[in-house]
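Next up, start36.txt (compact mmCIF, C-alpha atoms):
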```
# COMPACT_ATOMS: atom_id res chain seq x y z
CA MET A 1 145.18 88.44 102.82
CA LYS A 2 143.92 87.03 106.10
CA LYS A 3 143.75 90.52 107.61
CA THR A 4 141.87 91.90 104.59
CA ALA A 5 139.30 89.11 104.81
CA LYS A 6 138.91 89.71 108.53
CA ASP A 7 138.49 93.48 108.00
CA THR A 8 135.92 92.92 105.26
CA LEU A 9 133.97 90.49 107.41
CA MET A 10 134.09 92.93 110.33
CA SER A 11 132.78 95.75 108.08
CA VAL A 12 129.86 93.62 106.91
CA VAL A 13 129.01 92.53 110.45
CA VAL A 14 129.10 96.10 111.79
CA LEU A 15 126.94 97.41 108.93
CA PHE A 16 124.43 94.61 109.51
CA ALA A 17 124.39 95.31 113.24
CA ILE A 18 123.81 99.04 112.69
CA ALA A 19 121.08 98.33 110.12
CA PHE A 20 119.45 95.89 112.56
CA VAL A 21 119.39 98.44 115.39
CA CYS A 22 118.07 101.16 113.04
CA VAL A 23 115.29 98.88 111.75
CA GLY A 24 114.33 98.20 115.37
CA LEU A 25 114.20 101.92 116.14
CA LEU A 26 112.07 102.56 113.06
CA ALA A 27 109.70 99.73 113.96
CA VAL A 28 109.13 101.28 117.40
CA ALA A 29 108.73 104.77 115.88
CA ASN A 30 106.29 103.45 113.30
CA GLU A 31 104.18 101.87 116.02
CA TYR A 32 103.64 105.24 117.71
CA LEU A 33 103.87 107.67 114.82
CA LYS A 34 102.13 105.95 111.91
CA TYR A 35 99.21 107.80 110.36
CA GLU A 36 95.81 106.82 111.68
CA ALA A 37 92.77 108.00 109.79
CA LYS A 38 90.10 109.60 111.94
CA LEU A 39 86.89 111.49 111.42
CA ASP A 40 87.31 114.83 113.18
CA GLU A 41 85.94 118.32 112.45
CA ALA A 42 88.73 119.14 109.98
CA MET A 43 88.31 115.89 108.06
CA ALA A 44 84.50 116.26 108.04
CA LYS A 45 84.83 119.71 106.43
CA GLN A 46 87.03 118.24 103.69
CA LEU A 47 84.52 115.41 103.20
CA TYR A 48 81.78 118.02 102.86
CA VAL A 49 83.76 119.69 100.06
CA VAL A 50 84.20 116.46 98.14
CA CYS A 51 80.75 115.08 98.90
CA PRO A 52 78.24 117.89 99.64
CA THR A 53 75.42 116.66 101.82
CA GLY A 54 73.04 119.54 101.24
CA GLN A 55 73.17 121.50 104.50
CA PRO A 56 73.82 125.26 104.10
CA ASP A 57 77.36 125.15 105.48
CA ASP A 58 79.94 122.73 106.81
CA SER A 59 79.47 123.62 110.50
CA ASP A 60 77.90 120.29 111.49
CA ALA A 61 79.49 118.24 108.71
CA ILE A 62 80.83 115.74 111.22
CA ASN A 63 77.26 114.51 111.81
CA TYR A 64 76.81 113.64 108.13
CA PHE A 65 79.70 111.18 107.69
CA GLU A 66 81.07 108.01 109.22
CA ILE A 67 84.45 106.34 108.98
CA LEU A 68 84.17 102.78 107.74
CA SER A 69 85.64 99.85 109.60
CA ALA A 70 87.09 98.42 106.44
CA ASP A 71 90.56 97.33 107.49
CA ASP A 72 90.33 93.98 105.71
CA THR A 73 89.17 95.55 102.44
CA ILE A 74 91.84 98.27 102.67
CA GLU A 75 94.50 95.63 103.30
CA LYS A 76 93.24 93.55 100.39
CA VAL A 77 93.27 96.52 97.97
CA ASN A 78 96.66 97.70 99.17
CA SER A 79 98.23 94.28 98.85
CA GLU A 80 96.70 93.69 95.42
CA PHE A 81 97.08 97.13 93.82
CA GLY A 82 99.24 99.19 96.15
CA THR A 83 102.95 99.70 96.52
CA PRO A 84 105.00 100.70 99.56
CA THR A 85 104.32 104.33 98.62
CA THR A 86 100.84 104.12 97.07
CA TYR A 87 98.05 102.92 99.32
CA VAL A 88 94.54 103.54 100.65
CA LEU A 89 94.46 105.24 104.05
CA ALA A 90 90.76 105.22 104.91
CA ALA A 91 87.21 105.03 103.61
CA PHE A 92 84.22 107.13 104.66
CA ARG A 93 80.50 107.18 103.88
CA ALA A 94 77.90 109.95 103.86
CA THR A 95 75.20 108.83 106.31
CA LYS A 96 72.51 111.42 105.53
CA GLY A 97 71.80 114.41 103.33
CA ASP A 98 71.87 114.75 99.54
CA ASN A 99 74.54 112.13 98.87
CA ALA A 100 73.70 109.70 101.64
CA GLY A 101 75.29 106.31 101.02
CA CYS A 102 78.08 107.66 98.81
CA TYR A 103 81.61 106.56 99.58
CA ILE A 104 84.71 108.72 99.94
CA VAL A 105 88.19 107.20 99.79
CA GLN A 106 91.38 108.74 101.15
CA ALA A 107 94.52 107.49 99.39
CA ARG A 108 98.16 108.46 99.27
CA ALA A 109 100.88 108.25 96.64
CA GLU A 110 104.44 109.49 96.53
CA CYS A 111 107.15 110.37 94.04
CA SER A 112 110.60 111.88 94.44
CA TYR A 113 109.03 115.35 94.65
CA GLY A 114 106.91 114.54 97.69
CA GLU A 115 103.61 112.92 98.65
CA VAL A 116 99.99 113.57 97.72
CA VAL A 117 96.92 112.51 99.70
CA MET A 118 93.68 112.66 97.68
CA LEU A 119 90.06 112.49 98.81
CA THR A 120 87.76 111.08 96.14
CA SER A 121 83.99 110.70 96.37
CA TYR A 122 81.96 108.21 94.33
CA ASP A 123 78.37 108.04 93.18
CA LYS A 124 76.39 104.88 93.70
CA THR A 125 77.62 103.37 90.42
CA GLY A 126 81.28 103.77 91.45
CA LYS A 127 82.07 106.76 89.20
CA ILE A 128 84.06 109.68 90.55
CA MET A 129 81.85 112.56 91.76
CA LYS A 130 84.69 114.82 92.82
CA THR A 131 88.30 114.55 93.87
CA ILE A 132 90.39 117.01 95.85
CA CYS A 133 93.89 117.18 97.22
CA TYR A 134 93.65 116.61 100.99
CA SER A 135 97.34 117.32 101.61
CA GLN A 136 100.57 117.34 99.68
CA THR A 137 104.27 117.99 100.08
CA GLN A 138 105.05 118.28 96.36
CA SER A 139 107.78 120.81 95.63
CA PHE A 140 106.19 121.99 92.36
CA TRP A 141 102.58 122.08 93.54
CA ASP A 142 102.28 125.76 94.39
CA SER A 143 104.10 127.04 91.33
CA LYS A 144 102.79 124.62 88.66
CA ILE A 145 99.52 123.05 89.76
CA ALA A 146 97.72 125.13 92.40
CA GLY A 147 94.99 127.30 90.94
CA LYS A 148 95.50 125.89 87.41
CA TYR A 149 95.11 122.13 87.44
CA ASP A 150 93.94 121.28 90.97
CA GLY A 151 90.22 121.20 90.17
CA PHE A 152 90.54 117.74 88.61
CA GLU A 153 87.25 118.26 86.73
CA ASN A 154 88.42 115.87 83.99
CA LEU A 155 88.19 112.97 86.41
CA VAL A 156 84.47 113.38 87.16
CA GLY A 157 82.53 110.35 85.89
CA LYS A 158 85.65 108.18 85.50
CA ASP A 159 86.52 104.90 87.16
CA GLY A 160 89.26 102.26 86.83
CA ASP A 161 92.82 103.20 85.96
CA ILE A 162 93.65 106.89 85.72
CA THR A 163 96.71 108.21 83.90
CA GLY A 164 98.42 111.56 84.20
CA SER A 165 97.12 112.62 80.80
CA ASP A 166 93.54 112.04 82.02
CA ILE A 167 94.17 114.91 84.44
CA ALA A 168 96.22 117.40 82.45
CA THR A 169 99.14 117.60 80.04
CA GLY A 170 101.83 120.23 79.63
CA THR A 171 101.68 121.21 83.27
CA GLY A 172 105.42 121.33 83.88
CA ALA A 173 104.82 119.04 86.86
CA THR A 174 104.40 115.67 85.14
CA TYR A 175 105.55 113.58 88.09
CA SER A 176 103.24 115.34 90.52
CA ILE A 177 100.26 114.82 88.18
CA GLN A 178 101.24 111.17 87.75
CA THR A 179 101.33 110.83 91.54
CA VAL A 180 97.80 112.23 91.76
CA ALA A 181 96.73 109.72 89.08
CA GLU A 182 98.22 106.83 91.08
CA SER A 183 96.45 107.97 94.23
CA VAL A 184 93.08 108.28 92.46
CA THR A 185 93.57 104.94 90.70
CA ILE A 186 93.98 103.03 93.96
CA SER A 187 90.99 104.96 95.36
CA ASN A 188 88.97 103.72 92.39
CA LYS A 189 90.00 100.14 93.16
CA MET A 190 88.88 100.61 96.74
CA ALA A 191 85.57 102.17 95.66
CA ALA A 192 84.91 99.22 93.35
CA GLN A 193 85.36 96.88 96.31
CA LEU A 194 83.10 98.96 98.54
CA ILE A 195 80.34 99.29 95.95
CA GLY A 196 80.67 95.59 95.13
CA GLY A 197 79.72 94.94 98.75
CA ASN A 198 83.16 93.79 99.91
CA LEU A 199 83.15 95.52 103.23
CA MET B 1 137.04 114.01 128.96
CA ILE B 2 136.23 117.45 127.61
CA ASN B 3 137.85 120.37 129.47
CA LYS B 4 136.24 123.74 130.18
CA LYS B 5 137.91 125.55 127.28
CA GLU B 6 136.94 122.88 124.75
CA LEU B 7 133.41 122.81 126.14
CA LYS B 8 133.11 126.57 125.60
CA GLU B 9 134.54 126.35 122.09
CA THR B 10 132.21 123.50 121.16
CA ALA B 11 129.16 125.18 122.68
CA LEU B 12 129.85 128.41 120.81
CA GLY B 13 130.58 126.54 117.56
CA GLY B 14 127.09 127.23 116.23
CA ILE B 15 127.84 130.97 116.32
CA ILE B 16 131.60 131.27 115.74
CA ASN B 17 131.62 128.48 113.13
CA ASN B 18 128.01 129.05 112.11
CA PRO B 19 127.13 126.20 109.74
CA VAL B 20 125.27 128.47 107.33
CA PHE B 21 127.14 131.78 107.27
CA VAL B 22 130.69 130.63 108.10
CA LEU B 23 131.01 126.97 107.04
CA VAL B 24 128.50 127.49 104.18
CA LEU B 25 126.89 124.08 104.70
CA GLY B 26 123.25 123.18 104.03
CA THR B 27 122.79 126.08 101.62
CA CYS B 28 120.05 124.43 99.53
CA PRO B 29 117.40 124.06 102.29
CA THR B 30 118.55 127.37 103.78
CA ILE B 31 117.64 129.31 100.68
CA ALA B 32 114.64 127.19 99.69
CA LYS B 33 112.84 127.13 103.03
CA SER B 34 113.84 130.31 104.84
CA ASP B 35 111.01 132.20 103.14
CA THR B 36 109.05 132.45 106.39
CA VAL B 37 109.96 132.34 110.08
CA SER B 38 107.71 129.33 110.75
CA ASN B 39 109.33 127.31 107.94
CA GLY B 40 112.75 128.30 109.30
CA ILE B 41 111.89 127.14 112.82
CA GLY B 42 110.35 123.89 111.56
CA LEU B 43 113.17 122.87 109.25
CA GLY B 44 115.82 124.14 111.66
CA LEU B 45 114.52 122.14 114.61
CA ALA B 46 114.00 119.03 112.47
CA THR B 47 117.61 119.28 111.30
CA ALA B 48 118.82 119.98 114.85
CA PHE B 49 117.08 116.85 116.16
CA VAL B 50 118.69 114.71 113.48
CA LEU B 51 122.07 116.34 114.08
CA ILE B 52 121.99 115.76 117.85
CA CYS B 53 120.80 112.14 117.59
CA SER B 54 123.18 111.20 114.77
CA ASN B 55 126.13 112.85 116.54
CA LEU B 56 125.24 110.89 119.69
CA PHE B 57 125.03 107.54 117.91
CA ILE B 58 128.06 108.07 115.70
CA SER B 59 130.16 109.16 118.66
CA LEU B 60 129.01 106.11 120.64
CA LEU B 61 129.94 103.78 117.78
CA ARG B 62 133.07 105.60 116.60
CA LYS B 63 135.44 102.91 117.85
CA ILE B 64 133.39 100.07 116.39
CA ILE B 65 132.65 101.42 112.90
CA PRO B 66 135.48 100.39 110.52
CA ASP B 67 136.95 103.32 108.62
CA LYS B 68 136.16 101.82 105.20
CA VAL B 69 132.41 101.63 105.81
CA ARG B 70 131.99 104.73 107.94
CA LEU B 71 130.07 106.72 105.32
CA PRO B 72 127.38 104.07 104.63
CA ALA B 73 127.12 103.52 108.38
CA TYR B 74 126.64 107.26 108.99
CA ILE B 75 124.03 107.50 106.24
CA VAL B 76 122.02 104.57 107.66
CA ILE B 77 122.04 106.20 111.11
CA ILE B 78 121.14 109.65 109.76
CA ALA B 79 118.38 108.26 107.51
CA THR B 80 116.83 106.48 110.51
CA PHE B 81 116.45 109.70 112.47
CA VAL B 82 115.23 111.60 109.43
CA THR B 83 112.50 108.99 108.92
CA ILE B 84 111.47 109.36 112.57
CA VAL B 85 111.27 113.15 112.16
CA GLN B 86 109.26 112.71 108.95
CA LEU B 87 106.76 110.40 110.66
CA PHE B 88 106.45 112.81 113.60
CA VAL B 89 105.87 115.90 111.44
CA ALA B 90 103.38 114.06 109.19
CA LYS B 91 101.35 112.90 112.19
CA PHE B 92 101.44 115.88 114.55
CA LEU B 93 102.23 118.93 112.38
CA PRO B 94 100.26 118.52 109.12
CA ASP B 95 100.45 122.22 108.20
CA LEU B 96 104.21 122.27 108.60
CA ASN B 97 104.37 118.98 106.68
CA ALA B 98 102.54 120.59 103.76
CA SER B 99 105.00 123.46 103.81
CA ILE B 100 108.39 121.81 104.33
CA GLY B 101 107.54 118.11 103.90
CA ALA B 102 109.45 117.75 100.64
CA PHE B 103 112.61 119.00 102.33
CA ILE B 104 112.54 116.71 105.35
CA PRO B 105 113.80 113.58 103.52
CA LEU B 106 116.55 115.77 102.07
CA ILE B 107 117.97 116.31 105.58
CA VAL B 108 119.69 112.93 104.99
CA VAL B 109 121.99 114.58 102.46
CA ASN B 110 122.31 117.89 104.29
CA CYS B 111 126.05 118.61 104.41
CA ILE B 112 125.81 119.87 108.00
CA ILE B 113 124.78 116.45 109.32
CA LEU B 114 127.36 114.39 107.43
CA GLY B 115 129.97 117.14 107.85
CA ARG B 116 129.66 117.19 111.64
CA ALA B 117 129.53 113.38 111.78
CA GLU B 118 132.76 113.13 109.80
CA ALA B 119 134.60 116.14 111.23
CA PHE B 120 133.51 115.98 114.86
CA ALA B 121 131.36 113.11 116.16
CA SER B 122 133.61 110.39 114.73
CA LYS B 123 136.62 111.86 116.58
CA ASN B 124 135.19 113.08 119.89
CA ASP B 125 133.48 111.70 122.98
CA VAL B 126 129.70 111.48 123.38
CA LEU B 127 129.22 114.58 125.53
CA SER B 128 131.24 116.83 123.21
CA SER B 129 129.41 115.43 120.19
CA VAL B 130 125.99 116.06 121.71
CA ILE B 131 127.02 119.62 122.65
CA ASP B 132 128.32 120.10 119.11
CA GLY B 133 124.99 118.81 117.74
CA VAL B 134 122.98 121.16 119.95
CA SER B 135 125.23 124.11 119.13
CA MET B 136 125.32 123.52 115.37
CA GLY B 137 121.61 122.64 115.28
CA LEU B 138 120.63 125.82 117.08
CA GLY B 139 123.08 127.81 114.94
CA PHE B 140 121.40 126.43 111.83
CA THR B 141 117.92 127.11 113.24
CA LEU B 142 118.82 130.69 114.18
CA SER B 143 120.26 131.31 110.71
CA LEU B 144 117.05 130.08 109.08
CA VAL B 145 114.88 132.12 111.45
CA LEU B 146 116.96 135.24 110.84
CA MET B 147 116.72 134.82 107.08
CA GLY B 148 113.01 134.00 107.37
CA ALA B 149 112.31 137.12 109.42
CA ILE B 150 114.15 139.37 106.95
CA ARG B 151 112.59 137.79 103.86
CA GLN B 152 109.10 137.77 105.35
CA GLY B 153 109.50 141.36 106.53
CA LEU B 154 110.68 142.57 103.14
CA ALA B 155 107.88 140.69 101.40
CA ALA B 156 105.36 142.27 103.79
CA ILE B 157 106.34 145.77 102.61
CA GLY B 158 105.83 144.75 98.99
CA LEU B 159 109.27 143.43 98.01
CA THR B 160 107.91 140.00 97.12
CA ILE B 161 111.06 139.00 95.24
CA PHE B 162 112.62 138.30 98.63
CA GLN B 163 110.25 135.38 99.13
CA ALA B 164 111.45 133.87 95.87
CA THR B 165 114.71 131.93 95.53
CA ALA B 166 116.51 134.89 93.96
CA GLY B 167 115.69 137.02 96.99
CA GLY B 168 116.88 134.20 99.22
CA PHE B 169 120.28 134.28 97.53
CA ILE B 170 120.54 138.05 98.00
CA VAL B 171 119.64 137.92 101.71
CA PHE B 172 121.95 134.94 102.20
CA GLY B 173 124.90 136.73 100.56
CA LEU B 174 124.38 139.95 102.52
CA LEU B 175 123.98 138.14 105.84
CA MET B 176 127.05 136.02 105.17
CA ALA B 177 129.11 139.16 104.49
CA LEU B 178 127.75 140.90 107.59
CA PHE B 179 128.23 137.86 109.81
CA ASN B 180 131.84 137.33 108.74
CA TYR B 181 132.65 141.03 109.01
CA VAL B 182 131.32 141.21 112.59
CA LEU B 183 133.08 138.00 113.62
CA TYR B 184 136.35 139.14 112.00
CA LYS B 185 136.22 142.45 113.85
CA ALA B 186 135.39 140.77 117.13
CA ASP B 187 137.83 137.89 116.94
CA GLY B 188 140.12 138.50 113.96
CA HIS B 189 143.30 136.81 115.12
CA LYS B 190 141.64 133.55 116.17
CA ARG B 191 139.65 133.38 112.97
CA ARG B 192 142.80 133.87 110.85
CA VAL B 193 144.34 130.91 112.69
CA LEU B 194 141.15 128.91 112.13
CA PHE B 195 141.28 129.40 108.38
CA GLU B 196 145.06 128.91 108.14
CA ASN B 197 144.51 125.55 109.84
CA GLY B 198 142.06 124.55 107.13
CA GLY B 199 138.91 125.21 109.12
CA GLU B 200 139.55 122.42 111.62
CA ASP B 201 137.78 122.85 114.92
CA ARG B 202 140.81 122.13 117.03
```
Can you present the structure in this file as structure tokens?
Amino acid sequence: MKKTAKDTLMSVVVLFAIAFVCVGLLAVANEYLKYEAKLDEAMAKQLYVVCPTGQPDDSDAINYFEILSADDTIEKVNSEFGTPTTYVLAAFRATKGDNAGCYIVQARAECSYGEVVMLTSYDKTGKIMKTICYSQTQSFWDSKIAGKYDGFENLVGKDGDITGSDIATGTGATYSIQTVAESVTISNKMAAQLIGGNL
Amino acid sequence: MINKKELKETALGGIINNPVFVLVLGTCPTIAKSDTVSNGIGLGLATAFVLICSNLFISLLRKIIPDKVRLPAYIVIIATFVTIVQLFVAKFLPDLNASIGAFIPLIVVNCIILGRAEAFASKNDVLSSVIDGVSMGLGFTLSLVLMGAIRQGLAAIGLTIFQATAGGFIVFGLLMALFNYVLYKADGHKRRVLFENGGEDR
């Protein structure tokens, strides 16, 4: 009896110690490897797709956008509406051109089939102008969604909470569509804050 | 301490006991993501990194981890390194992340990692375990690259079925048969002993 109790206690202590060391390793890794939003050429070209600024091509798109210093607002939205897997990554604004002043929000969501990062642009009233998939690791994306349901035209003009059925039904990739909806929903919350002047 | 003969056996384990074609471990990601050479290299190296690091840690802690909780302990260690790989790929290799990202978290449950932890790293010293991790990791990577090259090549001449899962199974089966035939011819007696001993390494 005494030996069993000692063995059990030892097992718990060792597991805790291993978990503690692993958490420490992950904290260090997260410090150096966490995603940091930035406005580079590649991102500017994606922003141009979601928020056209009127120039003939996307070659100098980087001069038409800025990344917002909105850490406090992002943190507020993420803590209020986000989850550990659904959160806003960054916010951008068109600085000149046709849609000058319009906001673009980059947000991420995840399900068991992988992650989705969406870029969503908003008109000056906070309605969706266009949304595109910035990146994804969804296992069913290529076979079920790409080329069929990835235009997301149904979301244009919407705001507030988005559900999977707002995007498409009968896709055969319900969880992936739901993940897109979650990503766009938290983008909408962020856009509401930005347009409400909470920068 | 590992002797010369054991060192050679361990170092060649990735070929002689190839995890994919001989031990038939990690078949799911092998078939799913060996559709191109680049996917094969990416997933293979990610798995190899996790295998080497987890073998190192598990071997270091093998005398401390109680037998009853060894599996949860191994999984915690493996999951830590998989998360690090996932963060690295997401930050520095976005194209690869888009292609194999869904399969990176699944490395946690890849039979090769847990299999080598249980069968080798938990019973051998640190150096042997690291060599085993390198050998098995490279063996897995080479298998994926070989399958990727064949499948991509066949798809390039119009046989697109070989980029689908069904084609992956066909290539996998043929390569497994070829691999075992060549190894049997080259080293038949030793391999018979290996299988009669239940596939144990030594």
Worksheet item: Contacts of Ala98 in chain B at 10 Å or less, counting only C-alpha atoms, minus same-chain residues fewer than 4 places along, as JSON, numbers by chain?
Response: {"A": [114, 115, 116, 135, 136, 137, 138, 139], "B": [89, 90, 93, 94, 102]}
Discussion item. Could you tell me which residues of chain B sit within 12 Å of chain A when counting only C-alpha atoms, and give me the result as a ChimeraX atom specification?
Written reply: /B:32-33,54,57-58,60-106,164
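Counting from CA of Val105 in chain A, the distance to CA of Ala91 in chain A is 4.5 Å.
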Discussion item. Ranking B:Leu175, B:Cys53, B:Met147, B:Ala11 by minimum distance to Ala117 in chain B and counting only C-alpha atoms, which one comes first?
Written reply: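 Using only C-alpha atoms, Ala117 in chain B sits closest to B:Cys53.
Here CA of Leu154 in chain B stands at a distance of 13.6 Å from CA of Phe172 in chain B.
In this comparison, which uses all atoms listed in the file, the residue of B:Ser135, B:Gln152, B:Ser128, B:Ser122 approaching Gly13 in chain B most closely is B:Ser135.
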Once 3 Å is added on each side, what centre and edge lengths in Å to one decimal does the axis-aligned box around all listed atoms of range 14-19 of chain A have, as lines of an AutoDock Vina configuration file?
```
center_x = 125.1
center_y = 96.8
center_z = 111.1
size_x = 14.0
size_y = 10.4
size_z = 10.3
```
Fill in: Interatomic distance, CA of Ala42 in chain A to CA of Ala94 in chain A (Å, one decimal)
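Computing the Euclidean distance for CA of Ala42 in chain A and CA of Ala94 in chain A yields 15.5 Å.
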Discussion item. Give me the residues near Cys111 in chain B as a list in words, where near means some atom within 8 Å (using only C-alpha atoms) and where sequence neighbours in that chain fewer than 4 positions away do not count.
Written reply: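 Listed by chain and then number, they are Leu25, Gly26 and Gly115 of chain B.
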Fill in: Selection: 6 Å around Lys127 in chain A, all atoms listed in the file, excl. self and same-chain fewer than 4 positions, as number ranges by chain
A: 122-123, 157-159
Discussion item. Counting only C-alpha atoms, which residues have an atom no more than 12 Å from (88.5, 96.1, 108.8) in the file's coordinates? Please list them as a list in words.
Written reply: Ile67, Leu68, Ser69, Ala70, Asp71, Asp72, Thr73, Ile74, Glu75, Lys76, Val77, Leu89, Ala90, Ala91, Leu194, Asn198 and Leu199 of chain A
Item to complete: Would you list the contacts of Thr179 in chain A as a PyMOL selection string, taking every protein, DNA or RNA residue within 12 Å and counting all atoms listed in the file, but skipping same-chain residues closer than 6 positions in sequence?
Response: chain A and resi 85-87+107-118+133+136-138+141+162-165+167+173+185-186
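For Lys148 in chain A, the non-local neighbours within 10 Å, defined as residues at least 4 positions apart in the same chain or in other chains and counting all atoms listed in the file, are Asp142, Ser143, Lys144, Phe152, Ala168 and Thr171 of chain A.
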